[in-house]
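Asks: File model_10.cif below, mmCIF, C-alpha atoms:
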data_coords
#
loop_
_atom_site.label_atom_id
_atom_site.label_comp_id
_atom_site.auth_asym_id
_atom_site.auth_seq_id
_atom_site.Cartn_x
_atom_site.Cartn_y
_atom_site.Cartn_z
CA MET A 1 -3.91 -26.64 5.79
CA ARG A 2 -6.62 -25.88 3.25
CA ILE A 3 -6.93 -22.20 2.39
CA CYS A 4 -10.35 -21.11 1.07
CA PHE A 5 -10.75 -17.71 -0.52
CA TRP A 6 -14.25 -16.31 0.06
CA GLY A 7 -13.46 -12.70 -0.84
CA THR A 8 -10.45 -11.47 -2.82
CA ARG A 9 -11.31 -7.98 -4.07
CA GLY A 10 -9.67 -4.82 -2.76
CA SER A 11 -11.32 -1.72 -1.38
CA LEU A 12 -14.86 -2.21 -2.65
CA PRO A 13 -17.09 -5.13 -3.61
CA VAL A 14 -17.85 -5.34 -7.32
CA SER A 15 -20.03 -7.54 -9.50
CA LEU A 16 -20.26 -8.46 -13.14
CA ALA A 17 -22.70 -6.36 -15.16
CA ALA A 18 -24.96 -7.52 -18.02
CA LYS A 19 -22.42 -6.40 -20.63
CA ASP A 20 -19.71 -8.50 -18.95
CA ILE A 21 -21.82 -11.68 -19.14
CA LYS A 22 -22.73 -10.94 -22.75
CA HIS A 23 -19.05 -10.47 -23.58
CA LYS A 24 -18.08 -13.77 -21.92
CA ILE A 25 -20.81 -15.68 -23.77
CA SER A 26 -19.78 -14.10 -27.07
CA GLU A 27 -16.14 -15.06 -26.48
CA ALA A 28 -17.13 -18.62 -25.55
CA VAL A 29 -19.35 -19.08 -28.60
CA LEU A 30 -16.62 -17.72 -30.86
CA ALA A 31 -14.09 -20.11 -29.29
CA ALA A 32 -16.49 -23.02 -29.83
CA GLY A 33 -16.82 -22.34 -33.57
CA GLY A 34 -16.80 -25.58 -35.56
CA ARG A 35 -16.67 -27.90 -32.55
CA GLU A 36 -19.10 -30.73 -31.93
CA LEU A 37 -20.59 -29.85 -28.54
CA ARG A 38 -23.76 -31.92 -28.49
CA THR A 39 -23.83 -33.13 -24.90
CA ARG A 40 -23.66 -31.35 -21.52
CA GLU A 41 -20.50 -33.34 -20.74
CA ALA A 42 -18.81 -32.14 -23.93
CA VAL A 43 -19.81 -28.54 -23.26
CA GLU A 44 -18.60 -28.69 -19.66
CA ALA A 45 -15.30 -30.23 -20.69
CA PHE A 46 -14.86 -27.50 -23.31
CA VAL A 47 -15.63 -24.77 -20.77
CA GLU A 48 -13.30 -26.24 -18.18
CA ASN A 49 -10.37 -27.15 -20.39
CA ASP A 50 -10.41 -24.97 -23.48
CA LEU A 51 -11.60 -21.52 -22.43
CA PRO A 52 -9.39 -18.99 -20.70
CA PHE A 53 -10.26 -18.55 -17.00
CA ALA A 54 -11.32 -14.93 -17.60
CA VAL A 55 -13.96 -16.17 -20.07
CA SER A 56 -15.21 -19.31 -18.35
CA HIS A 57 -15.02 -18.02 -14.78
CA THR A 58 -14.76 -14.79 -12.81
CA TYR A 59 -12.36 -13.69 -10.10
CA GLY A 60 -15.39 -12.56 -8.12
CA GLY A 61 -16.11 -9.34 -6.37
CA ASN A 62 -16.36 -9.97 -2.62
CA THR A 63 -13.95 -8.12 -0.37
CA SER A 64 -11.32 -9.79 1.81
CA CYS A 65 -12.23 -12.96 3.67
CA VAL A 66 -9.95 -16.01 3.73
CA GLN A 67 -10.49 -19.25 5.67
CA ILE A 68 -7.61 -21.25 7.16
CA ASP A 69 -8.93 -24.79 7.53
CA THR A 70 -6.87 -27.26 9.56
CA GLY A 71 -9.64 -29.81 9.89
CA SER A 72 -10.60 -28.47 13.31
CA ASP A 73 -14.28 -28.08 14.25
CA GLU A 74 -13.52 -24.44 14.99
CA TYR A 75 -13.37 -22.07 12.02
CA VAL A 76 -10.48 -19.65 11.42
CA LEU A 77 -10.88 -16.63 9.17
CA CYS A 78 -8.83 -13.63 8.11
CA ASP A 79 -10.91 -10.45 7.79
CA LEU A 80 -14.64 -9.93 7.55
CA GLY A 81 -15.12 -8.39 4.12
CA THR A 82 -18.22 -9.28 2.11
CA GLY A 83 -16.75 -12.74 1.45
CA VAL A 84 -17.87 -13.76 4.94
CA ARG A 85 -21.47 -13.74 3.71
CA PRO A 86 -21.09 -16.71 1.31
CA PHE A 87 -18.80 -18.35 3.88
CA GLY A 88 -21.61 -18.14 6.45
CA HIS A 89 -24.12 -19.54 3.97
CA HIS A 90 -21.77 -22.42 3.25
CA VAL A 91 -21.43 -23.24 6.97
CA LEU A 92 -25.19 -23.04 7.44
CA ALA A 93 -25.74 -25.36 4.49
CA SER A 94 -23.21 -27.89 5.74
CA ARG A 95 -23.87 -27.83 9.51
CA GLY A 96 -27.36 -26.34 9.84
CA ALA A 97 -28.48 -23.34 11.89
CA ARG A 98 -28.86 -25.26 15.15
CA THR A 99 -25.29 -26.50 15.49
CA PRO A 100 -23.32 -24.08 17.68
CA CYS A 101 -20.12 -23.01 15.95
CA THR A 102 -16.95 -21.22 17.03
CA PHE A 103 -15.24 -18.77 14.71
CA HIS A 104 -11.81 -17.20 15.23
CA VAL A 105 -11.25 -14.13 13.09
CA PHE A 106 -7.90 -12.35 12.60
CA MET A 107 -8.32 -8.76 11.46
CA SER A 108 -5.67 -7.16 9.23
CA HIS A 109 -7.18 -3.77 10.02
CA LEU A 110 -10.51 -2.04 10.38
CA HIS A 111 -11.03 -0.27 7.08
CA TRP A 112 -14.53 -0.59 5.74
CA ASP A 113 -13.88 -3.25 3.10
CA HIS A 114 -12.47 -5.58 5.78
CA ILE A 115 -15.40 -5.34 8.23
CA MET A 116 -18.40 -4.65 5.98
CA GLY A 117 -19.43 -8.29 5.66
CA PHE A 118 -19.95 -8.78 9.38
CA PRO A 119 -23.52 -7.37 9.57
CA TYR A 120 -24.46 -9.99 6.93
CA PHE A 121 -22.74 -12.89 8.68
CA LEU A 122 -25.81 -14.83 9.80
CA HIS A 123 -24.04 -16.73 12.57
CA ALA A 124 -23.61 -13.46 14.48
CA TYR A 125 -27.40 -13.39 14.95
CA ILE A 126 -27.78 -16.97 16.21
CA PRO A 127 -27.50 -17.64 19.96
CA GLY A 128 -25.05 -20.41 20.82
CA ASN A 129 -22.42 -19.37 18.33
CA ARG A 130 -19.13 -17.96 19.55
CA ILE A 131 -17.17 -15.42 17.53
CA VAL A 132 -13.72 -14.37 18.72
CA ILE A 133 -12.29 -11.39 16.85
CA TYR A 134 -8.52 -10.88 17.19
CA GLY A 135 -6.55 -7.80 16.18
CA CYS A 136 -3.81 -5.38 17.09
CA HIS A 137 -5.81 -2.15 16.79
CA ALA A 138 -6.94 -0.47 20.01
CA GLU A 139 -10.24 0.43 18.26
CA LEU A 140 -11.04 -3.19 17.33
CA GLU A 141 -14.33 -3.49 19.23
CA GLU A 142 -15.34 0.13 18.67
CA ALA A 143 -15.15 -0.27 14.88
CA PHE A 144 -17.57 -3.21 14.89
CA ARG A 145 -19.98 -1.55 17.31
CA LYS A 146 -20.00 1.68 15.29
CA GLN A 147 -20.71 -0.20 12.07
CA HIS A 148 -23.89 -1.62 13.59
CA ALA A 149 -25.02 1.70 15.07
CA ALA A 150 -27.74 3.96 13.65
CA PRO A 151 -27.98 5.45 11.11
CA CYS A 152 -25.61 3.02 9.35
CA PHE A 153 -27.36 -0.27 10.18
CA PRO A 154 -30.76 -1.17 11.66
CA VAL A 155 -29.61 -3.84 14.13
CA GLU A 156 -27.56 -2.61 17.10
CA PHE A 157 -24.46 -4.66 17.96
CA SER A 158 -25.91 -5.35 21.42
CA ARG A 159 -28.81 -7.24 19.80
CA LEU A 160 -26.59 -9.81 18.09
CA GLY A 161 -27.35 -13.27 19.45
CA ALA A 162 -23.90 -14.83 19.29
CA ASN A 163 -21.34 -14.57 22.03
CA ILE A 164 -18.84 -12.11 20.52
CA GLU A 165 -15.44 -11.53 22.10
CA PHE A 166 -12.60 -9.21 21.16
CA VAL A 167 -9.00 -10.17 21.85
CA GLY A 168 -6.11 -7.74 21.47
CA LEU A 169 -2.85 -9.13 20.06
CA GLU A 170 0.68 -7.77 20.13
CA PRO A 171 2.79 -7.62 16.96
CA GLY A 172 5.60 -10.15 17.07
CA LYS A 173 4.03 -12.13 19.90
CA ARG A 174 3.03 -15.68 18.99
CA THR A 175 -0.42 -16.94 20.06
CA ARG A 176 -1.97 -20.40 19.86
CA VAL A 177 -5.53 -20.43 18.52
CA ALA A 178 -7.52 -23.45 17.29
CA GLY A 179 -4.36 -25.52 16.89
CA LEU A 180 -2.55 -22.80 14.92
CA GLU A 181 0.49 -20.81 15.97
CA VAL A 182 -0.30 -17.25 14.93
CA THR A 183 2.10 -14.27 14.84
CA PRO A 184 1.01 -10.76 13.77
CA LYS A 185 3.31 -8.22 12.13
CA LEU A 186 2.87 -4.47 11.74
CA GLN A 187 2.61 -3.25 8.14
CA LEU A 188 2.71 0.10 6.36
CA HIS A 189 -0.87 1.23 5.66
CA GLY A 190 -2.99 4.23 6.60
CA GLY A 191 -3.94 3.68 10.26
CA ASP A 192 -1.67 0.59 10.31
CA SER A 193 -2.41 -2.95 9.21
CA TYR A 194 -1.12 -6.34 10.37
CA SER A 195 -0.14 -9.48 8.54
CA TYR A 196 -0.44 -12.91 10.15
CA ARG A 197 1.90 -15.88 9.95
CA PHE A 198 0.00 -19.14 10.57
CA GLU A 199 1.96 -22.28 11.40
CA HIS A 200 0.49 -25.76 11.60
CA GLN A 201 2.25 -29.13 11.53
CA GLY A 202 5.36 -27.71 9.85
CA LYS A 203 3.47 -25.72 7.22
CA VAL A 204 3.42 -21.91 7.05
CA VAL A 205 0.83 -19.61 5.50
CA VAL A 206 1.18 -15.82 5.60
CA TYR A 207 -1.80 -13.53 5.10
CA SER A 208 -0.48 -10.08 4.15
CA THR A 209 -2.96 -7.65 2.72
CA ASP A 210 -3.21 -3.87 2.63
CA SER A 211 0.50 -3.30 2.94
CA GLU A 212 2.89 -1.00 1.13
CA HIS A 213 6.49 -2.17 0.84
CA LYS A 214 9.20 0.41 0.26
CA THR A 215 11.84 -1.96 -1.02
CA ASP A 216 14.55 0.71 -1.09
CA ASP A 217 14.37 0.51 2.71
CA ALA A 218 16.59 -2.54 3.14
CA ARG A 219 15.81 -2.95 6.84
CA SER A 220 12.02 -3.15 6.52
CA THR A 221 12.46 -5.36 3.44
CA LEU A 222 14.59 -7.83 5.41
CA ASP A 223 12.12 -7.73 8.34
CA PHE A 224 9.30 -8.80 6.05
CA VAL A 225 11.49 -11.35 4.27
CA GLU A 226 12.19 -13.00 7.64
CA PHE A 227 8.47 -13.02 8.39
CA ILE A 228 7.67 -14.92 5.19
CA ARG A 229 10.91 -16.97 5.14
CA GLN A 230 10.31 -20.29 3.32
CA ALA A 231 6.54 -19.93 3.73
CA ASP A 232 4.47 -22.52 1.89
CA LEU A 233 2.00 -19.84 0.83
CA VAL A 234 2.11 -16.03 0.89
CA ILE A 235 -1.21 -14.26 0.27
CA PHE A 236 -0.06 -10.83 -0.90
CA ASP A 237 -1.69 -7.49 -1.67
CA ALA A 238 -0.82 -6.80 -5.32
CA MET A 239 -3.44 -4.19 -6.03
CA TYR A 240 -1.37 -1.77 -8.10
CA SER A 241 1.32 -1.87 -10.75
CA LEU A 242 4.78 -1.09 -9.39
CA ALA A 243 4.88 2.20 -11.33
CA ASP A 244 1.60 3.35 -9.74
CA SER A 245 2.62 2.26 -6.25
CA VAL A 246 5.81 4.35 -6.29
CA SER A 247 4.41 7.38 -8.12
CA VAL A 248 0.78 8.56 -8.26
CA LYS A 249 -0.35 6.02 -5.63
CA GLU A 250 2.67 6.24 -3.34
CA ASP A 251 1.62 6.14 0.33
CA TRP A 252 -1.82 4.75 -0.58
CA GLY A 253 -0.85 1.65 1.38
CA HIS A 254 -0.82 -1.10 -1.24
CA SER A 255 1.75 -3.10 -3.12
CA SER A 256 2.37 -4.70 -6.50
CA ASN A 257 2.89 -8.07 -8.14
CA VAL A 258 6.52 -7.11 -8.87
CA VAL A 259 7.30 -6.52 -5.20
CA GLY A 260 5.46 -9.71 -4.24
CA VAL A 261 7.67 -11.77 -6.55
CA GLU A 262 10.85 -10.07 -5.32
CA LEU A 263 10.08 -10.54 -1.63
CA CYS A 264 9.04 -14.18 -2.08
CA GLN A 265 12.16 -14.90 -4.14
CA ILE A 266 14.43 -13.40 -1.48
CA ALA A 267 12.57 -15.32 1.25
CA ARG A 268 12.53 -18.52 -0.84
CA ALA A 269 8.80 -18.82 -0.24
CA LYS A 270 7.14 -21.61 -2.21
CA HIS A 271 3.89 -20.07 -3.45
CA LEU A 272 2.79 -16.47 -3.99
CA CYS A 273 -0.94 -15.81 -4.27
CA ILE A 274 -1.71 -12.30 -5.51
CA PHE A 275 -4.70 -10.87 -3.68
CA HIS A 276 -6.77 -7.74 -2.99
CA HIS A 277 -7.47 -7.13 -6.67
CA GLU A 278 -8.01 -3.60 -7.93
CA PRO A 279 -11.81 -3.09 -8.14
CA VAL A 280 -11.61 -1.31 -11.51
CA HIS A 281 -9.95 -4.35 -13.09
CA ASN A 282 -12.14 -6.77 -15.03
CA ASP A 283 -11.44 -10.50 -15.25
CA ALA A 284 -9.29 -10.13 -18.37
CA GLN A 285 -7.12 -7.50 -16.69
CA ILE A 286 -6.61 -9.63 -13.57
CA SER A 287 -5.67 -12.59 -15.78
CA SER A 288 -3.23 -10.36 -17.64
CA VAL A 289 -1.59 -9.34 -14.34
CA LEU A 290 -1.26 -13.05 -13.49
CA GLN A 291 0.36 -13.86 -16.84
CA GLU A 292 2.82 -10.99 -16.42
CA THR A 293 3.62 -12.11 -12.88
CA LEU A 294 4.29 -15.65 -14.09
CA ARG A 295 6.59 -14.26 -16.76
CA LEU A 296 8.41 -12.02 -14.26
CA GLU A 297 9.06 -15.02 -12.01
CA GLU A 298 10.36 -16.96 -15.00
CA ILE A 299 12.83 -14.31 -16.23
CA THR A 300 14.14 -13.43 -12.74
CA ARG A 301 14.29 -16.97 -11.34
CA GLY A 302 17.56 -18.06 -9.82
CA ASP A 303 17.88 -21.52 -8.30
CA HIS A 304 14.50 -21.29 -6.58
CA GLU A 305 11.19 -21.70 -8.42
CA LEU A 306 8.25 -19.74 -7.03
CA ARG A 307 4.72 -20.90 -7.77
CA ILE A 308 2.31 -18.05 -8.61
CA SER A 309 -1.49 -17.94 -8.35
CA SER A 310 -4.09 -15.25 -8.53
CA ALA A 311 -6.78 -15.46 -5.85
CA TYR A 312 -10.43 -15.70 -6.85
CA ASP A 313 -13.61 -16.10 -4.85
CA GLY A 314 -13.95 -19.87 -4.48
CA LEU A 315 -10.26 -20.77 -4.88
CA GLU A 316 -8.90 -23.43 -2.54
CA ILE A 317 -5.19 -24.03 -2.02
CA VAL A 318 -3.88 -26.97 0.02
CA VAL A 319 -0.45 -26.63 1.61
CA MET F 1 26.97 -2.26 -9.91
CA GLN F 2 28.91 0.49 -11.64
CA VAL F 3 27.93 3.91 -12.96
CA THR F 4 30.12 5.71 -15.50
CA THR F 5 29.52 8.80 -17.63
CA LYS F 6 30.53 10.31 -20.92
CA HIS F 7 29.53 13.56 -22.62
CA TYR F 8 28.44 13.77 -26.24
CA ALA F 9 27.88 17.46 -27.07
CA ASP F 10 25.02 18.59 -24.83
CA VAL F 11 24.03 15.07 -23.74
CA LEU F 12 25.38 13.26 -20.69
CA VAL F 13 25.30 9.50 -21.15
CA VAL F 14 25.17 7.62 -17.85
CA ALA F 15 26.01 3.93 -18.25
CA VAL F 16 24.79 1.53 -15.57
CA GLU F 17 26.40 -1.89 -15.34
CA GLY F 18 25.63 -5.00 -13.29
CA ARG F 19 22.64 -5.61 -11.01
CA VAL F 20 20.62 -3.15 -8.95
CA ASP F 21 18.49 -4.59 -6.16
CA TYR F 22 17.37 -3.79 -2.60
CA VAL F 23 20.90 -4.40 -1.29
CA ASN F 24 22.62 -1.75 -3.41
CA ALA F 25 19.74 0.60 -4.32
CA ASP F 26 21.02 3.30 -1.93
CA GLU F 27 24.49 2.98 -3.44
CA PHE F 28 22.96 3.26 -6.92
CA ARG F 29 21.06 6.38 -5.93
CA ALA F 30 24.16 7.97 -4.40
CA ALA F 31 26.18 7.16 -7.52
CA LEU F 32 23.56 8.30 -10.03
CA MET F 33 21.98 11.45 -8.64
CA PRO F 34 25.05 13.75 -8.58
CA TYR F 35 25.50 13.21 -12.31
CA LEU F 36 21.94 14.35 -12.96
CA LYS F 37 22.15 17.65 -11.04
CA ASN F 38 22.64 19.55 -14.28
CA CYS F 39 19.78 17.73 -16.03
CA ARG F 40 17.50 20.79 -16.21
CA ALA F 41 16.27 23.44 -18.63
CA GLY F 42 19.32 24.91 -20.32
CA GLY F 43 21.58 22.21 -18.85
CA ASP F 44 22.52 18.69 -19.94
CA LYS F 45 20.09 16.26 -21.43
CA ALA F 46 20.68 12.81 -19.98
CA VAL F 47 20.50 9.29 -21.39
CA LEU F 48 20.73 6.24 -19.15
CA ASP F 49 22.60 3.64 -21.17
CA LEU F 50 21.28 0.36 -19.74
CA SER F 51 22.94 -1.96 -22.27
CA ARG F 52 25.07 -3.54 -19.51
CA LEU F 53 22.44 -3.55 -16.79
CA GLU F 54 21.60 -7.21 -16.14
CA TYR F 55 18.78 -6.83 -13.58
CA ILE F 56 16.94 -4.06 -11.79
CA SER F 57 14.56 -4.58 -8.87
CA SER F 58 11.71 -2.40 -7.65
CA ALA F 59 14.13 -0.50 -5.40
CA GLY F 60 16.31 0.36 -8.39
CA LEU F 61 13.31 1.33 -10.48
CA ARG F 62 12.21 3.69 -7.73
CA VAL F 63 15.59 5.44 -7.99
CA LEU F 64 14.99 5.88 -11.73
CA MET F 65 11.51 7.21 -11.01
CA ILE F 66 12.92 9.81 -8.60
CA ALA F 67 15.59 10.80 -11.14
CA ALA F 68 12.99 11.17 -13.91
CA LYS F 69 10.68 13.12 -11.62
CA GLU F 70 13.43 15.55 -10.57
CA ALA F 71 14.55 16.04 -14.16
CA HIS F 72 10.96 16.66 -15.23
CA ALA F 73 10.40 19.16 -12.41
CA ALA F 74 13.52 21.06 -13.53
CA ARG F 75 12.25 20.89 -17.13
CA GLY F 76 15.22 18.72 -18.07
CA LYS F 77 15.19 15.63 -20.28
CA LEU F 78 16.07 12.13 -19.03
CA VAL F 79 15.51 8.95 -21.03
CA ALA F 80 16.71 5.34 -20.89
CA ALA F 81 18.20 3.44 -23.81
CA ALA F 82 19.38 0.01 -24.93
CA LEU F 83 17.61 -2.07 -22.31
CA GLN F 84 18.56 -5.75 -22.31
CA PRO F 85 15.57 -8.06 -22.98
CA VAL F 86 15.14 -9.03 -19.31
CA VAL F 87 15.32 -5.42 -18.13
CA ARG F 88 12.92 -4.35 -20.88
CA GLU F 89 10.40 -6.95 -19.72
CA ILE F 90 10.80 -5.79 -16.11
CA PHE F 91 10.10 -2.23 -17.28
CA GLU F 92 7.02 -3.37 -19.19
CA ILE F 93 5.58 -5.59 -16.43
CA SER F 94 6.10 -2.91 -13.79
CA ARG F 95 4.64 -0.25 -16.17
CA PHE F 96 7.86 1.74 -15.90
CA THR F 97 7.74 2.42 -19.61
CA LEU F 98 5.08 4.94 -18.58
CA VAL F 99 7.43 6.55 -16.05
CA VAL F 100 10.72 6.70 -17.98
CA GLU F 101 10.87 7.22 -21.76
CA THR F 102 12.78 4.34 -23.34
CA HIS F 103 14.63 3.95 -26.63
CA GLU F 104 15.86 0.83 -28.43
CA SER F 105 19.47 2.01 -28.70
CA LEU F 106 21.83 4.76 -27.60
CA PRO F 107 22.10 6.23 -31.13
CA GLY F 108 18.30 6.06 -31.34
CA ALA F 109 17.97 8.06 -28.12
CA LEU F 110 20.59 10.61 -29.22
CA ARG F 111 18.89 11.01 -32.59
CA VAL F 112 15.78 12.21 -30.75
CA MET F 113 17.61 14.20 -28.05
CA SER F 114 20.35 16.01 -29.99
CA PRO F 115 21.71 15.62 -33.54
CA ALA F 116 25.00 17.16 -32.33
CA ALA F 117 25.33 14.45 -29.67
CA LEU F 118 24.57 11.75 -32.26
CA ALA F 119 27.25 13.19 -34.55
CA ALA F 120 29.72 13.23 -31.65
CA LEU F 121 28.96 9.57 -30.89
CA GLN F 122 29.32 8.53 -34.52
CA SER F 123 32.58 10.38 -34.95
CA GLY F 124 33.97 8.33 -32.09
#
Let me see the file written as structure tokens.
Replies:
Amino acid sequence: MRICFWGTRGSLPVSLAAKDIKHKISEAVLAAGGRELRTREAVEAFVENDLPFAVSHTYGGNTSCVQIDTGSDEYVLCDLGTGVRPFGHHVLASRGARTPCTFHVFMSHLHWDHIMGFPYFLHAYIPGNRIVIYGCHAELEEAFRKQHAAPCFPVEFSRLGANIEFVGLEPGKRTRVAGLEVTPKLQLHGGDSYSYRFEHQGKVVVYSTDSEHKTDDARSTLDFVEFIRQADLVIFDAMYSLADSVSVKEDWGHSSNVVGVELCQIARAKHLCIFHHEPVHNDAQISSVLQETLRLEEITRGDHELRISSAYDGLEIVV
Amino acid sequence: MQVTTKHYADVLVVAVEGRVDYVNADEFRAALMPYLKNCRAGGDKAVLDLSRLEYISSAGLRVLMIAAKEAHAARGKLVAAALQPVVREIFEISRFTLVVETHESLPGALRVMSPAALAALQSG
């Protein structure tokens, strides 16, 4: 499976401002001091290899949208945050507007940041396309129809050209979609959210966003551990610090990097990808969270090494 | 995991030993909280001596947060001292240094909390 991250930001889309670009350029020029960078190749090698990620790149600002690619002609996505917009543009560029496409979308929940990209998903407007939206919420279809209704959006849902279907799922019940075995699991979040365990040819990827884990509740901890047991990749909401998530932001429905490491270590998962980044964090702060998470894994490691990544818009992970 | 206590003048020192994780967090809470009932205005000040604590998970940290919150609400004083390097890093990464006041050593904590308690410690 190839996992493509099109949107990784939590709660609200964000973008770099002029001062952020200026700061990155200043940092890069300072880092280049005294080097011979006379050709484009030399400059690109310097940018790629010698600058910190937070200077040479950005984590991006689109909200949740992750593609699970098994090589099938049919597309599989998790959530329809603003990341679905560049995903749609990518599909249009690679297959053209006249090729009918099928998209299967698994919704974690229906909060705004997870559905707000759909009105800008161009394939929804093109007849011949088929979009199947799966979820465990009773209000699944209603949420999408309301988002397109006046006065919020100028194009009514009924005017969308694609064939759009809604399919209700049951937590704990395995479904086969586009060659994947998919199992949803109820999570702790305002109005509920659901994680998904995707299995394909012996590999397991878990998409778990917008979930609070109360790890002093041993039963719910063990339930989740079983769900991610020996997963090849766990995409995990690590929006807050642990201190925030158990104090001022308790019951806000999000988790931390510390809890992500603990749960993956107990479950002997192979790779933790921290996701749903706090929108007030800049690139340097997200990189700092990654470095601390790497260090935490190192100092608490037993006989099982856990790989750690931080998701960014454009990241691809192959499992 | 073991919790033991000792009084030095007006300070109760609560020593935590071993590992605290999701398996024994409830046990840790049940062992710790009764000792802290008197950690309030006019009562004991409390120091958590973590010099023999090898590891603490998020579940254990949440117990410390609740203890600190209850002590604060009762206008008592609760601090942690002598964290081993691994536990100190866990505190820093989880931002728990912002939740529970920490000190490098037990004498260092007592020096700030109560000179009488420090004298009692030093006199053996």
Asks: Considering only C-alpha atoms, tabulate each residue of range 188-289 of chain A that lies at most 9 Å from range 60-82 of chain F along with its nearest interatomic pair and the corresponding distance in Å to one decimal; arrange the rows by chain and ascending residue number and present them as CSV.
Replies:
residue,atom,partner,partner_atom,distance
A:Thr215,CA,F:Arg62,CA,8.8
A:Asp216,CA,F:Gly60,CA,7.5
A:Leu242,CA,F:Leu61,CA,8.9
A:Ala243,CA,F:Arg62,CA,8.3
A:Val246,CA,F:Arg62,CA,6.6
A:Ser247,CA,F:Met65,CA,7.7
Asks: Find the residues of chain A in contact range of chain F, meaning any atom within 12 Å when counting only C-alpha atoms, and list them as a VMD selection string.
Replies: chain A and resid 213 to 222 225 238 240 to 248 250 255 to 263 265 to 266 288 to 302
Asks: Just the number, please: distance in Å from CA of Arg9 in chain A to CA of His114 in chain A, one decimal.
Replies: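 Going from CA of Arg9 in chain A over to CA of His114 in chain A covers 10.2 Å.
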Asks: In Å, rounded to a single decimal, give me how far CA of Glu278 in chain A is from CA of Lys19 in chain A.
Replies: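 According to the coordinates, CA of Lys19 in chain A and CA of Glu278 in chain A are separated by 19.4 Å.
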Asks: Given the file shown, enumerate the residues that the PyMOL selection byres ((chain F and resi 18) around 8) captures and present them as an MDAnalysis selection string.
Replies: chainID F and resid 1:2 16:17 19:20 52:55
Asks: Please write the residues picked by the PyMOL selection byres ((chain A and resi 192) around 10) on this file as a list of chain:residue names.
Replies: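 Given this file, the PyMOL selection byres ((chain A and resi 192) around 10) evaluates to A:Ser108, A:His109, A:Leu110, A:His111, A:Cys136, A:His137, A:Leu186, A:Gln187, A:Leu188, A:His189, A:Gly190, A:Gly191, A:Ser193, A:Tyr194, A:Asp210, A:Ser211, A:Gly253.
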Asks: CA of Pro13 in chain A and CA of Ile228 in chain A are how many Å apart?
Replies: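 It comes out at 28.0 Å.
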Asks: Applying the PyMOL selection byres ((chain A and resi 76) around 6) to the file I just gave you, which residues come out? Please list them as a list in words.
Replies: Gln67, Ile68, Tyr75, Leu77, Phe103, His104 and Val105 of chain A
Asks: Have range 129-140 of chain A completed to N, CA and C atoms, please, and pass it along as a PDB file, in the frame of the given file.
Replies:
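Once written, selection-v4.pdb looks like this:
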ATOM      1  N   ASN A 129     -23.676 -19.509  19.051  1.00  0.00           N
ATOM      2  CA  ASN A 129     -22.420 -19.370  18.330  1.00  0.00           C
ATOM      3  C   ASN A 129     -21.443 -18.493  19.108  1.00  0.00           C
ATOM      4  N   ARG A 130     -20.177 -18.755  18.906  1.00  0.00           N
ATOM      5  CA  ARG A 130     -19.130 -17.960  19.550  1.00  0.00           C
ATOM      6  C   ARG A 130     -18.214 -17.393  18.477  1.00  0.00           C
ATOM      7  N   ILE A 131     -18.033 -16.078  18.519  1.00  0.00           N
ATOM      8  CA  ILE A 131     -17.170 -15.420  17.530  1.00  0.00           C
ATOM      9  C   ILE A 131     -16.093 -14.659  18.289  1.00  0.00           C
ATOM     10  N   VAL A 132     -14.839 -15.036  18.052  1.00  0.00           N
ATOM     11  CA  VAL A 132     -13.720 -14.370  18.720  1.00  0.00           C
ATOM     12  C   VAL A 132     -12.965 -13.576  17.659  1.00  0.00           C
ATOM     13  N   ILE A 133     -12.915 -12.274  17.846  1.00  0.00           N
ATOM     14  CA  ILE A 133     -12.290 -11.390  16.850  1.00  0.00           C
ATOM     15  C   ILE A 133     -10.960 -10.883  17.429  1.00  0.00           C
ATOM     16  N   TYR A 134      -9.868 -11.222  16.729  1.00  0.00           N
ATOM     17  CA  TYR A 134      -8.520 -10.880  17.190  1.00  0.00           C
ATOM     18  C   TYR A 134      -7.966  -9.740  16.328  1.00  0.00           C
ATOM     19  N   GLY A 135      -7.192  -8.868  16.946  1.00  0.00           N
ATOM     20  CA  GLY A 135      -6.550  -7.800  16.180  1.00  0.00           C
ATOM     21  C   GLY A 135      -5.599  -7.017  17.037  1.00  0.00           C
ATOM     22  N   CYS A 136      -4.826  -6.174  16.376  1.00  0.00           N
ATOM     23  CA  CYS A 136      -3.810  -5.380  17.090  1.00  0.00           C
ATOM     24  C   CYS A 136      -4.232  -3.922  17.248  1.00  0.00           C
ATOM     25  N   HIS A 137      -5.365  -3.537  16.685  1.00  0.00           N
ATOM     26  CA  HIS A 137      -5.810  -2.150  16.790  1.00  0.00           C
ATOM     27  C   HIS A 137      -6.559  -1.923  18.110  1.00  0.00           C
ATOM     28  N   ALA A 138      -6.271  -0.807  18.752  1.00  0.00           N
ATOM     29  CA  ALA A 138      -6.940  -0.470  20.010  1.00  0.00           C
ATOM     30  C   ALA A 138      -8.448  -0.271  19.789  1.00  0.00           C
ATOM     31  N   GLU A 139      -8.830   0.118  18.561  1.00  0.00           N
ATOM     32  CA  GLU A 139     -10.240   0.430  18.260  1.00  0.00           C
ATOM     33  C   GLU A 139     -10.997  -0.776  17.723  1.00  0.00           C
ATOM     34  N   LEU A 140     -10.471  -1.971  17.937  1.00  0.00           N
ATOM     35  CA  LEU A 140     -11.040  -3.190  17.330  1.00  0.00           C
ATOM     36  C   LEU A 140     -12.544  -3.308  17.610  1.00  0.00           C
TER      37      LEU A 140
END
